[in-house]
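Dumped start32.cif below, it's mmCIF, C-alpha atoms and all ligand atoms:
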```cif
data_start
#
loop_
_atom_site.label_atom_id
_atom_site.label_comp_id
_atom_site.auth_asym_id
_atom_site.auth_seq_id
_atom_site.Cartn_x
_atom_site.Cartn_y
_atom_site.Cartn_z
CA MET A 1 0.78 -28.84 4.28
CA LYS A 2 3.15 -26.99 6.61
CA GLY A 3 1.58 -25.42 9.67
CA SER A 4 -0.41 -22.44 8.47
CA THR A 5 -2.56 -20.29 10.75
CA VAL A 6 -5.73 -19.15 9.01
CA ARG A 7 -9.27 -18.61 10.25
CA ASN A 8 -11.16 -21.20 8.24
CA ARG A 9 -9.75 -23.55 5.61
CA GLU A 10 -13.23 -24.33 4.33
CA LEU A 11 -13.25 -20.89 2.68
CA ALA A 12 -10.49 -22.03 0.29
CA SER A 13 -12.53 -22.40 -2.89
CA ALA A 14 -14.23 -19.01 -2.41
CA GLY A 15 -10.77 -17.53 -1.90
CA GLN A 16 -9.40 -19.17 -5.02
CA VAL A 17 -12.21 -17.71 -7.11
CA LYS A 18 -11.24 -14.25 -5.84
CA ILE A 19 -7.56 -14.85 -6.54
CA ASP A 20 -8.37 -16.08 -10.05
CA TRP A 21 -10.37 -12.91 -10.78
CA ALA A 22 -7.45 -10.74 -9.72
CA ALA A 23 -4.98 -12.93 -11.63
CA ALA A 24 -6.97 -12.52 -14.83
CA HIS A 25 -6.43 -8.75 -14.53
CA MET A 26 -2.70 -8.84 -13.81
CA PRO A 27 -1.14 -9.36 -17.25
CA VAL A 28 2.27 -7.89 -16.43
CA LEU A 29 2.87 -10.29 -13.54
CA ASN A 30 1.61 -13.16 -15.69
CA ARG A 31 3.99 -12.26 -18.51
CA LEU A 32 6.88 -12.20 -16.06
CA ARG A 33 5.86 -15.62 -14.76
CA ASP A 34 5.97 -16.92 -18.35
CA GLU A 35 9.30 -15.21 -19.00
CA TYR A 36 10.95 -16.69 -15.88
CA LYS A 37 9.35 -20.10 -15.73
CA GLN A 38 12.32 -21.88 -17.31
CA SER A 39 15.03 -20.13 -15.30
CA ARG A 40 13.10 -20.29 -11.96
CA PRO A 41 15.15 -17.50 -10.31
CA PHE A 42 13.85 -18.24 -6.82
CA ASP A 43 14.50 -21.97 -6.76
CA GLY A 44 15.45 -23.05 -3.27
CA LEU A 45 15.01 -19.57 -1.79
CA ARG A 46 12.74 -18.78 1.14
CA VAL A 47 10.68 -15.65 0.50
CA GLY A 48 9.05 -14.00 3.53
CA ILE A 49 6.17 -11.64 2.72
CA CYS A 50 4.29 -9.12 4.85
CA LEU A 51 1.71 -7.47 2.56
CA HIS A 52 -2.00 -6.74 2.73
CA LEU A 53 -3.31 -10.25 2.30
CA GLU A 54 -6.00 -9.91 -0.31
CA ALA A 55 -6.44 -11.45 -3.75
CA LYS A 56 -3.77 -9.54 -5.72
CA THR A 57 -1.17 -10.23 -3.05
CA ALA A 58 -2.14 -13.90 -3.08
CA HIS A 59 -1.52 -14.00 -6.81
CA LEU A 60 1.95 -12.53 -6.30
CA ALA A 61 2.68 -15.23 -3.70
CA ARG A 62 1.40 -17.83 -6.15
CA VAL A 63 3.64 -16.55 -8.96
CA LEU A 64 6.71 -16.48 -6.71
CA ALA A 65 5.97 -20.06 -5.66
CA ASP A 66 5.59 -21.02 -9.34
CA LEU A 67 9.07 -19.59 -9.90
CA GLY A 68 10.57 -21.83 -7.24
CA ALA A 69 10.24 -19.79 -4.05
CA GLU A 70 9.25 -21.30 -0.72
CA VAL A 71 6.82 -18.59 0.37
CA THR A 72 5.70 -17.75 3.90
CA ILE A 73 3.26 -14.88 4.09
CA THR A 74 1.38 -12.73 6.59
CA GLY A 75 -0.83 -9.65 6.30
CA SER A 76 0.56 -6.17 6.91
CA ASN A 77 -2.48 -4.80 8.73
CA PRO A 78 -4.89 -6.49 11.16
CA LEU A 79 -7.96 -5.47 9.13
CA SER A 80 -6.74 -6.07 5.58
CA THR A 81 -6.46 -9.86 5.53
CA GLN A 82 -9.30 -11.63 3.75
CA ASP A 83 -9.88 -15.01 5.38
CA ASP A 84 -11.12 -16.73 2.23
CA VAL A 85 -8.09 -15.55 0.25
CA ALA A 86 -5.76 -16.73 3.03
CA ALA A 87 -7.43 -20.16 2.99
CA GLY A 88 -7.25 -20.29 -0.81
CA LEU A 89 -3.53 -19.67 -0.72
CA VAL A 90 -2.97 -22.38 1.90
CA SER A 91 -4.81 -24.84 -0.33
CA GLU A 92 -2.25 -24.05 -3.06
CA GLY A 93 0.67 -24.96 -0.83
CA VAL A 94 1.73 -21.55 0.48
CA GLU A 95 2.41 -21.18 4.20
CA VAL A 96 0.09 -18.45 5.53
CA HIS A 97 -0.15 -16.93 9.01
CA SER A 98 -2.88 -14.32 9.20
CA TRP A 99 -6.53 -13.66 9.83
CA TYR A 100 -8.93 -10.76 9.66
CA ALA A 101 -9.26 -8.68 12.84
CA ALA A 102 -6.12 -10.04 14.47
CA THR A 103 -5.39 -8.56 17.89
CA ALA A 104 -2.13 -6.63 18.26
CA ALA A 105 -0.54 -9.70 19.88
CA GLU A 106 -1.80 -12.05 17.16
CA TYR A 107 -0.63 -9.67 14.45
CA GLU A 108 2.88 -9.58 15.90
CA ASP A 109 2.89 -13.32 16.39
CA PHE A 110 1.98 -13.82 12.70
CA VAL A 111 4.76 -11.50 11.53
CA MET A 112 7.18 -13.37 13.81
CA LYS A 113 6.18 -16.65 12.17
CA VAL A 114 7.39 -15.22 8.86
CA VAL A 115 10.56 -13.92 10.56
CA ASN A 116 11.16 -17.37 12.06
CA SER A 117 10.86 -19.03 8.65
CA GLY A 118 14.36 -17.60 8.05
CA PRO A 119 13.70 -15.73 4.80
CA ASN A 120 16.40 -15.23 2.16
CA LEU A 121 14.30 -12.60 0.41
CA ILE A 122 11.72 -10.26 1.91
CA ILE A 123 8.75 -8.29 0.64
CA ASP A 124 7.52 -5.83 3.23
CA ASP A 125 4.75 -3.24 3.34
CA GLY A 126 5.24 -0.72 6.12
CA GLY A 127 8.43 -2.16 7.59
CA ASP A 128 7.08 -4.45 10.33
CA LEU A 129 8.75 -7.61 9.00
CA VAL A 130 12.15 -6.00 8.61
CA THR A 131 11.90 -4.24 11.99
CA LEU A 132 10.93 -7.39 13.90
CA LEU A 133 13.63 -9.40 12.17
CA HIS A 134 16.25 -6.85 13.26
CA SER A 135 14.96 -6.49 16.80
CA ARG A 136 14.12 -10.14 17.66
CA ARG A 137 16.09 -12.47 15.39
CA ARG A 138 19.41 -10.85 14.56
CA ASP A 139 20.79 -14.38 14.25
CA LEU A 140 18.78 -14.68 10.99
CA LEU A 141 20.09 -11.46 9.41
CA SER A 142 22.95 -13.23 7.65
CA ASP A 143 20.48 -15.49 5.78
CA VAL A 144 18.84 -12.49 4.12
CA VAL A 145 20.02 -11.59 0.62
CA GLY A 146 17.80 -8.51 0.65
CA GLY A 147 14.25 -7.30 0.35
CA ALA A 148 11.86 -4.86 -1.24
CA GLU A 149 9.58 -2.32 0.44
CA GLU A 150 6.19 -1.45 -0.96
CA THR A 151 5.24 1.81 0.69
CA THR A 152 6.28 5.34 1.66
CA THR A 153 5.94 4.70 5.40
CA GLY A 154 8.11 1.59 5.23
CA LEU A 155 10.83 3.51 3.39
CA LEU A 156 10.84 6.24 6.03
CA ARG A 157 11.44 3.56 8.66
CA LEU A 158 14.12 1.80 6.60
CA ARG A 159 16.00 5.05 5.96
CA ALA A 160 15.87 5.84 9.69
CA MET A 161 17.24 2.35 10.41
CA HIS A 162 20.00 2.78 7.86
CA ASP A 163 20.93 6.25 9.19
CA ALA A 164 21.19 4.70 12.65
CA GLY A 165 23.59 2.09 11.20
CA GLU A 166 21.10 -0.71 11.93
CA LEU A 167 19.92 -1.98 8.54
CA GLY A 168 21.61 -5.32 7.96
CA PHE A 169 20.90 -5.96 4.27
CA PRO A 170 19.93 -4.16 1.03
CA MET A 171 16.32 -3.11 0.61
CA ILE A 172 14.93 -2.01 -2.75
CA ALA A 173 12.66 1.04 -2.61
CA VAL A 174 9.85 -0.26 -4.82
CA ASN A 175 7.64 2.60 -3.65
CA ASP A 176 9.99 5.12 -5.23
CA ALA A 177 9.89 3.62 -8.73
CA LEU A 178 8.05 5.82 -11.23
CA SER A 179 5.91 2.92 -12.37
CA LYS A 180 4.88 2.48 -8.72
CA TYR A 181 4.05 5.84 -7.19
CA LEU A 182 2.70 7.55 -10.30
CA PHE A 183 0.09 4.80 -10.62
CA ASP A 184 -0.33 2.92 -7.32
CA ASN A 185 -0.05 5.89 -4.95
CA ARG A 186 -1.94 8.31 -7.20
CA TYR A 187 -4.56 6.37 -9.16
CA GLY A 188 -4.66 3.29 -6.94
CA THR A 189 -5.18 5.19 -3.71
CA GLY A 190 -7.34 7.73 -5.53
CA GLN A 191 -9.79 5.01 -6.53
CA SER A 192 -9.60 2.54 -3.64
CA VAL A 193 -10.02 5.14 -0.89
CA TRP A 194 -13.29 6.22 -2.48
CA ASP A 195 -14.24 2.58 -2.96
CA GLY A 196 -13.89 2.12 0.82
CA ILE A 197 -15.79 5.29 1.68
CA LEU A 198 -18.61 4.62 -0.77
CA ARG A 199 -19.02 0.96 0.16
CA SER A 200 -19.13 1.67 3.87
CA THR A 201 -21.30 4.83 3.87
CA ASN A 202 -23.55 4.52 0.80
CA LEU A 203 -23.75 8.35 0.83
CA VAL A 204 -23.42 10.97 -1.89
CA VAL A 205 -20.11 12.78 -2.45
CA ALA A 206 -21.24 15.52 -4.86
CA GLY A 207 -21.58 18.91 -3.19
CA LYS A 208 -19.79 17.84 -0.01
CA LEU A 209 -16.67 19.49 1.38
CA VAL A 210 -13.95 16.85 1.44
CA VAL A 211 -10.96 17.68 3.63
CA ILE A 212 -7.78 15.87 2.61
CA ALA A 213 -4.82 16.02 4.96
CA GLY A 214 -1.63 15.54 2.94
CA TYR A 215 -1.05 16.31 -0.73
CA GLY A 216 1.59 13.73 -1.62
CA TRP A 217 0.93 11.34 -4.51
CA CYS A 218 -1.80 9.55 -2.54
CA GLY A 219 -3.49 12.78 -1.47
CA LYS A 220 -3.35 14.07 -5.04
CA GLY A 221 -5.13 10.96 -6.29
CA VAL A 222 -7.81 11.11 -3.59
CA ALA A 223 -8.41 14.81 -4.37
CA LEU A 224 -8.57 14.19 -8.13
CA ARG A 225 -11.29 11.57 -7.73
CA ALA A 226 -13.16 13.67 -5.15
CA ARG A 227 -13.37 16.52 -7.64
CA GLY A 228 -14.46 14.06 -10.31
CA MET A 229 -17.41 13.08 -8.15
CA GLY A 230 -18.43 16.70 -7.64
CA ALA A 231 -16.98 17.35 -4.20
CA ARG A 232 -15.37 20.60 -3.15
CA VAL A 233 -11.87 19.80 -1.92
CA LEU A 234 -9.93 21.47 0.89
CA VAL A 235 -6.33 20.36 1.44
CA THR A 236 -4.29 20.72 4.63
CA GLU A 237 -0.51 20.53 4.34
CA VAL A 238 2.73 21.22 6.21
CA ASP A 239 4.81 21.54 3.03
CA PRO A 240 4.51 24.90 1.25
CA ILE A 241 5.29 23.40 -2.16
CA ALA A 242 2.62 20.72 -1.86
CA ALA A 243 0.21 23.38 -0.58
CA ASN A 244 0.88 25.48 -3.70
CA GLU A 245 0.35 22.42 -5.91
CA ALA A 246 -3.02 21.87 -4.23
CA LEU A 247 -3.98 25.50 -4.82
CA MET A 248 -3.04 25.35 -8.50
CA ASP A 249 -4.92 22.06 -8.88
CA GLY A 250 -7.99 24.02 -7.84
CA CYS A 251 -8.27 22.99 -4.17
CA GLU A 252 -8.77 25.29 -1.21
CA VAL A 253 -5.89 25.22 1.28
CA ALA A 254 -6.31 25.87 5.00
CA THR A 255 -5.23 24.53 8.38
CA MET A 256 -6.99 21.58 9.97
CA ASP A 257 -8.18 23.91 12.74
CA GLU A 258 -9.94 26.00 10.08
CA ALA A 259 -11.20 22.98 8.16
CA ALA A 260 -12.55 21.03 11.15
CA PRO A 261 -15.87 22.88 11.62
CA ARG A 262 -16.52 22.98 7.85
CA GLY A 263 -15.72 19.53 6.47
CA ASP A 264 -18.20 16.78 5.65
CA ILE A 265 -15.65 14.04 4.94
CA PHE A 266 -12.11 14.01 6.38
CA ILE A 267 -9.40 11.82 4.85
CA ALA A 268 -5.95 11.70 6.47
CA VAL A 269 -3.19 10.61 4.12
CA THR A 270 -0.03 12.19 5.52
CA GLY A 271 2.02 9.30 6.95
CA CYS A 272 2.20 11.29 10.19
CA ARG A 273 0.44 10.98 13.56
CA GLU A 274 -2.48 12.82 15.24
CA VAL A 275 -3.29 14.86 12.17
CA ILE A 276 -6.95 14.92 13.17
CA CYS A 277 -7.26 14.94 16.94
CA ASP A 278 -9.09 16.14 20.05
CA ARG A 279 -9.31 19.83 19.28
CA HIS A 280 -10.60 19.08 15.77
CA PHE A 281 -13.22 16.57 16.95
CA ALA A 282 -14.48 19.23 19.37
CA THR A 283 -15.43 21.64 16.57
CA MET A 284 -16.67 19.26 13.85
CA LYS A 285 -20.25 19.38 12.70
CA ASP A 286 -22.87 16.69 13.14
CA GLY A 287 -22.43 13.77 10.75
CA ALA A 288 -18.78 14.39 9.89
CA ILE A 289 -17.13 11.29 8.42
CA LEU A 290 -13.54 10.50 9.38
CA CYS A 291 -11.14 8.08 7.81
CA ASN A 292 -7.49 7.27 7.41
CA ALA A 293 -5.68 6.34 4.22
CA GLY A 294 -2.16 6.28 5.65
CA HIS A 295 -0.33 3.06 6.49
CA PHE A 296 -0.68 3.22 10.27
CA ASP A 297 -3.83 3.92 12.30
CA VAL A 298 -2.29 6.95 13.98
CA GLU A 299 -3.41 9.77 11.68
CA VAL A 300 -6.91 10.06 13.12
CA ALA A 301 -6.35 10.01 16.89
CA VAL A 302 -8.79 7.19 17.60
CA GLU A 303 -7.82 7.03 21.29
CA ASP A 304 -9.03 10.63 21.71
CA LEU A 305 -12.43 9.58 20.36
CA GLU A 306 -12.51 6.37 22.40
CA ARG A 307 -11.48 8.09 25.62
CA GLN A 308 -14.09 10.81 25.50
CA TYR A 309 -17.15 9.79 23.60
CA PRO A 310 -19.57 6.86 23.87
CA SER A 311 -19.66 4.80 20.70
CA ARG A 312 -21.72 2.27 18.83
CA GLN A 313 -21.53 0.39 15.56
CA VAL A 314 -24.03 1.91 13.10
CA ARG A 315 -23.13 0.02 9.90
CA ALA A 316 -20.47 -2.49 8.95
CA ASN A 317 -17.15 -0.63 9.33
CA ILE A 318 -18.72 2.54 10.76
CA THR A 319 -18.40 3.53 14.42
CA GLU A 320 -20.48 6.45 15.66
CA TYR A 321 -19.02 8.65 18.43
CA ARG A 322 -21.45 10.95 20.20
CA ARG A 323 -20.22 14.20 21.71
CA PRO A 324 -21.96 15.50 24.88
CA ASP A 325 -23.68 18.17 22.74
CA GLY A 326 -25.27 15.45 20.62
CA VAL A 327 -22.98 15.84 17.60
CA ARG A 328 -22.23 12.49 15.94
CA LEU A 329 -18.90 11.73 14.30
CA TYR A 330 -18.50 8.65 12.13
CA LEU A 331 -15.20 6.79 11.97
CA LEU A 332 -14.64 4.34 9.10
CA GLY A 333 -12.74 1.07 9.49
CA GLU A 334 -11.57 1.81 13.05
CA GLY A 335 -9.22 4.43 11.64
CA ARG A 336 -7.23 1.82 9.73
CA LEU A 337 -6.49 2.07 6.00
CA VAL A 338 -9.97 2.77 4.65
CA ASN A 339 -9.25 1.28 1.22
CA LEU A 340 -8.30 -2.09 2.68
CA ALA A 341 -10.38 -2.19 5.86
CA CYS A 342 -13.58 -1.16 4.04
CA ALA A 343 -12.84 -2.39 0.49
CA ASP A 344 -10.42 -4.67 -1.39
CA GLY A 345 -7.44 -2.32 -1.79
CA HIS A 346 -6.18 -0.97 -5.08
CA PRO A 347 -7.54 -2.25 -8.40
CA ALA A 348 -5.88 -5.38 -9.79
CA GLU A 349 -4.44 -3.58 -12.83
CA ILE A 350 -2.63 -1.17 -10.51
CA MET A 351 -1.25 -3.81 -8.15
CA ASP A 352 -0.14 -5.67 -11.28
CA MET A 353 2.51 -3.00 -11.88
CA SER A 354 3.54 -2.71 -8.23
CA PHE A 355 3.87 -6.45 -7.81
CA ALA A 356 5.71 -6.83 -11.11
CA LEU A 357 8.22 -4.37 -9.64
CA GLN A 358 8.39 -6.48 -6.47
CA LEU A 359 9.15 -9.60 -8.47
CA LEU A 360 11.81 -7.87 -10.57
CA ALA A 361 13.34 -6.29 -7.45
CA LEU A 362 13.76 -9.73 -5.87
CA ASP A 363 15.24 -11.08 -9.09
CA TYR A 364 17.66 -8.13 -9.16
CA LEU A 365 18.73 -8.87 -5.57
CA VAL A 366 19.42 -12.49 -6.43
CA ARG A 367 21.51 -11.49 -9.45
CA ALA A 368 23.30 -8.44 -7.99
CA ALA A 369 26.47 -9.53 -6.30
CA ASP A 370 27.22 -7.95 -2.93
CA LEU A 371 24.77 -5.07 -2.86
CA PRO A 372 25.65 -3.30 0.39
CA PRO A 373 23.13 -2.81 3.23
CA GLY A 374 21.03 0.28 2.61
CA VAL A 375 18.02 1.49 0.66
CA HIS A 376 18.51 1.12 -3.09
CA ARG A 377 16.57 2.52 -6.01
CA VAL A 378 14.75 0.34 -8.51
CA THR A 379 16.85 0.48 -11.67
CA ASN A 380 15.59 2.52 -14.60
CA GLU A 381 15.69 -0.65 -16.68
CA ILE A 382 13.22 -2.41 -14.36
CA ASP A 383 10.98 0.67 -14.17
CA GLN A 384 10.85 0.95 -17.98
CA LYS A 385 10.31 -2.78 -18.36
CA VAL A 386 7.19 -2.75 -16.16
CA ALA A 387 5.74 0.28 -17.96
CA SER A 388 6.50 -1.27 -21.36
CA LEU A 389 5.02 -4.64 -20.44
CA ARG A 390 1.81 -2.95 -19.37
CA LEU A 391 1.51 -1.13 -22.69
CA LYS A 392 2.25 -4.38 -24.51
CA ALA A 393 -0.46 -6.16 -22.52
CA LEU A 394 -2.89 -3.43 -23.54
CA GLY A 395 -1.84 -3.69 -27.19
CA ILE A 396 -0.63 -0.08 -27.21
CA GLU A 397 2.39 0.92 -29.30
CA ILE A 398 4.35 4.10 -28.68
CA ASP A 399 6.75 5.97 -30.96
CA ARG A 400 10.50 5.36 -30.97
CA LEU A 401 13.21 7.99 -31.35
CA THR A 402 14.91 8.04 -34.75
CA GLY A 403 18.71 8.12 -34.87
CA ARG A 404 18.59 11.83 -35.79
CA GLN A 405 16.32 12.55 -32.83
CA THR A 406 18.58 10.69 -30.39
CA GLU A 407 21.57 12.58 -31.73
CA TYR A 408 19.67 15.89 -31.37
CA LEU A 409 18.71 15.15 -27.77
CA ASN A 410 22.31 14.28 -26.87
CA SER A 411 23.96 17.28 -28.54
CA TRP A 412 24.79 20.71 -27.17
CA ARG A 413 25.93 22.56 -30.30
CA ILE A 414 23.73 25.01 -32.19
CA ASP A 415 23.58 23.77 -35.81
N1 LIG A 501 -3.28 -4.59 -2.02
C1 LIG A 501 -2.15 -5.22 -1.64
N2 LIG A 501 -1.27 -4.35 -1.16
C2 LIG A 501 -1.85 -3.14 -1.23
C3 LIG A 501 -1.43 -1.83 -0.89
N3 LIG A 501 -0.23 -1.59 -0.37
N4 LIG A 501 -2.30 -0.82 -1.08
C4 LIG A 501 -3.52 -1.05 -1.59
N5 LIG A 501 -3.95 -2.24 -1.95
C5 LIG A 501 -3.14 -3.29 -1.78
#
```
Could you spell out this file's structure in structure tokens?
Ligand code: ADE
Amino acid sequence: MKGSTVRNRELASAGQVKIDWAAAHMPVLNRLRDEYKQSRPFDGLRVGICLHLEAKTAHLARVLADLGAEVTITGSNPLSTQDDVAAGLVSEGVEVHSWYAATAAEYEDFVMKVVNSGPNLIIDDGGDLVTLLHSRRRDLLSDVVGGAEETTTGLLRLRAMHDAGELGFPMIAVNDALSKYLFDNRYGTGQSVWDGILRSTNLVVAGKLVVIAGYGWCGKGVALRARGMGARVLVTEVDPIAANEALMDGCEVATMDEAAPRGDIFIAVTGCREVICDRHFATMKDGAILCNAGHFDVEVAVEDLERQYPSRQVRANITEYRRPDGVRLYLLGEGRLVNLACADGHPAEIMDMSFALQLLALDYLVRAADLPPGVHRVTNEIDQKVASLRLKALGIEIDRLTGRQTEYLNSWRID
């Protein structure tokens, strides 16, 4: 086995059991593996991956390897790698560099190991792999056919890179596919964020005031599930349209300054920084729970808490900060992605669609001749294919347009 860097290889069989469970619930990806197993579209290609390294991701790596790819993978967040899953993947011949609770230096070193593998194709989640490749190993840019980005934050970074004339190859915006954000961002985040909060706190949600910062697709999903569990939901926003959507979905809308003294549970899911900070911590009530569901750990200003208040660990993944007046604030998962730091990420059936898109995006890059550097949309054909395969896997048929209906929809004359 090539030099992998994982915490403990003896965890391999436990990891494989986890991967197998996820795999059994990812029918779309499995169908694509069957469809492509003869043609092996990734034969001889090096695929570098930076994704949250848990069981569903491991199954994607496994499928890509089955289709001929030489995969090198790292995690995309220091707290989301599961050491048993990483070991399980190594035992199946994939090169892995990652472990749970990596320091900032270790995390960067692991991403650099993937960069240094000289990838021809890239799958990134948040943009760290692409950014480090451009800033440290420009000599490897010409080896890259292209890549695919999983998340909103990564696309913001890629578009900024492209606008600055820096992006050296095509990147497919998997996040922006309909069969990604309508399901992964909304229902995936909606469920997995609550999974993380419930697992770590073991507290009731019904009757509480849940403050959600950000009403994009992820915020909408988190709010939907909060209401389903009987919470009252207050949304904070900077976008007047999103704020109106929140109102009409039945949420209260206010500023974070107004929400801070009232909320029981705060969830930041904006993609921006310091959304919940010093002046908010100062007015919160005793027992307030704080967490982040955005890609980077900058939404809840953890340094403000660390700098001012003594802390202690009160449960796995919960840090208590005590204000001088005795008020206790509880931060989940160190302010990192609560669904991955405190749970297992999105459900397998959801990641099935997202990772099917990733696979098809890489296949598209291999087949598309001379796609220019820039951020490209997932084609409608790929989007429809993933949605159709999922229905097929569920045994669900949908209606088809008749010829007369198609003609009607494409006409402009009044009969
Ligand atoms: N599992 C793997 N990648 C994930 C992501 N981006 N969000 C949630 N769960 C995941």
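Candidate residues A:Ala223, A:Val47, A:Cys251, A:Val205 were compared for distance to Gly68 in chain A, and the nearest is A:Val47, using all atoms listed in the file.
When the distance limit is 9 Å and all atoms listed in the file are what count, the residues near range 150-154 of chain A, minus those fewer than 4 positions from it on the same chain, are A:Leu51, A:Ile123, A:Asp124, A:Asp125, A:Gly126, A:Gly127, A:Asp128, A:Leu158, A:Arg159, A:Ile172, A:Ala173, A:Val174, A:Asn175, A:Asp176, A:Lys180, A:Tyr181, A:Asn185, A:Gly271, A:Cys272, A:Gly294, A:His295, A:Phe296, A:Ser354, A:Phe355, A:Gln358.
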* Structure fact -> Counting all atoms listed in the file, the residue among A:Asp184, A:Asp84, A:Gly207, A:Gly147 that lies closest to Leu360 in chain A is A:Gly147
* Could you tell me how far CA of Val314 in chain A lies from CA of Gly333 in chain A, in Å and to one decimal? => 11.9 Å
Dump the neighbourhood of ligand LIG 501 (chain A) as a PDB file with C-alpha atoms, in the frame of the given file: all residues within 8 Å, distances computed on all atoms listed in the file.
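Dumped everything to part_8.pdb:
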```
ATOM      1  CA  LEU A  51       1.710  -7.470   2.560  1.00  0.00           C
ATOM      2  CA  HIS A  52      -2.000  -6.740   2.730  1.00  0.00           C
ATOM      3  CA  LEU A  53      -3.310 -10.250   2.300  1.00  0.00           C
ATOM      4  CA  GLU A  54      -6.000  -9.910  -0.310  1.00  0.00           C
ATOM      5  CA  ALA A  55      -6.440 -11.450  -3.750  1.00  0.00           C
ATOM      6  CA  LYS A  56      -3.770  -9.540  -5.720  1.00  0.00           C
ATOM      7  CA  THR A  57      -1.170 -10.230  -3.050  1.00  0.00           C
ATOM      8  CA  ASP A 125       4.750  -3.240   3.340  1.00  0.00           C
ATOM      9  CA  GLU A 150       6.190  -1.450  -0.960  1.00  0.00           C
ATOM     10  CA  THR A 151       5.240   1.810   0.690  1.00  0.00           C
ATOM     11  CA  ASP A 184      -0.330   2.920  -7.320  1.00  0.00           C
ATOM     12  CA  GLY A 188      -4.660   3.290  -6.940  1.00  0.00           C
ATOM     13  CA  THR A 189      -5.180   5.190  -3.710  1.00  0.00           C
ATOM     14  CA  SER A 192      -9.600   2.540  -3.640  1.00  0.00           C
ATOM     15  CA  ASN A 339      -9.250   1.280   1.220  1.00  0.00           C
ATOM     16  CA  LEU A 340      -8.300  -2.090   2.680  1.00  0.00           C
ATOM     17  CA  ASP A 344     -10.420  -4.670  -1.390  1.00  0.00           C
ATOM     18  CA  GLY A 345      -7.440  -2.320  -1.790  1.00  0.00           C
ATOM     19  CA  HIS A 346      -6.180  -0.970  -5.080  1.00  0.00           C
ATOM     20  CA  PRO A 347      -7.540  -2.250  -8.400  1.00  0.00           C
ATOM     21  CA  MET A 351      -1.250  -3.810  -8.150  1.00  0.00           C
TER      22      MET A 351
END
```
* To do: For CA of Gly250 in chain A and CA of Gly190 in chain A, quote the distance in Å rounded to one decimal.
  =>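 Value for the CA of Gly250 in chain A-CA of Gly190 in chain A distance: 16.5 Å.
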* Go through A:Leu409, A:Leu132, A:Ile19, A:Leu362 and flag the residue nearest Glu92 in chain A, using only C-alpha atoms for the distances. =>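 Selected residue with least distance to Glu92 in chain A: A:Ile19.
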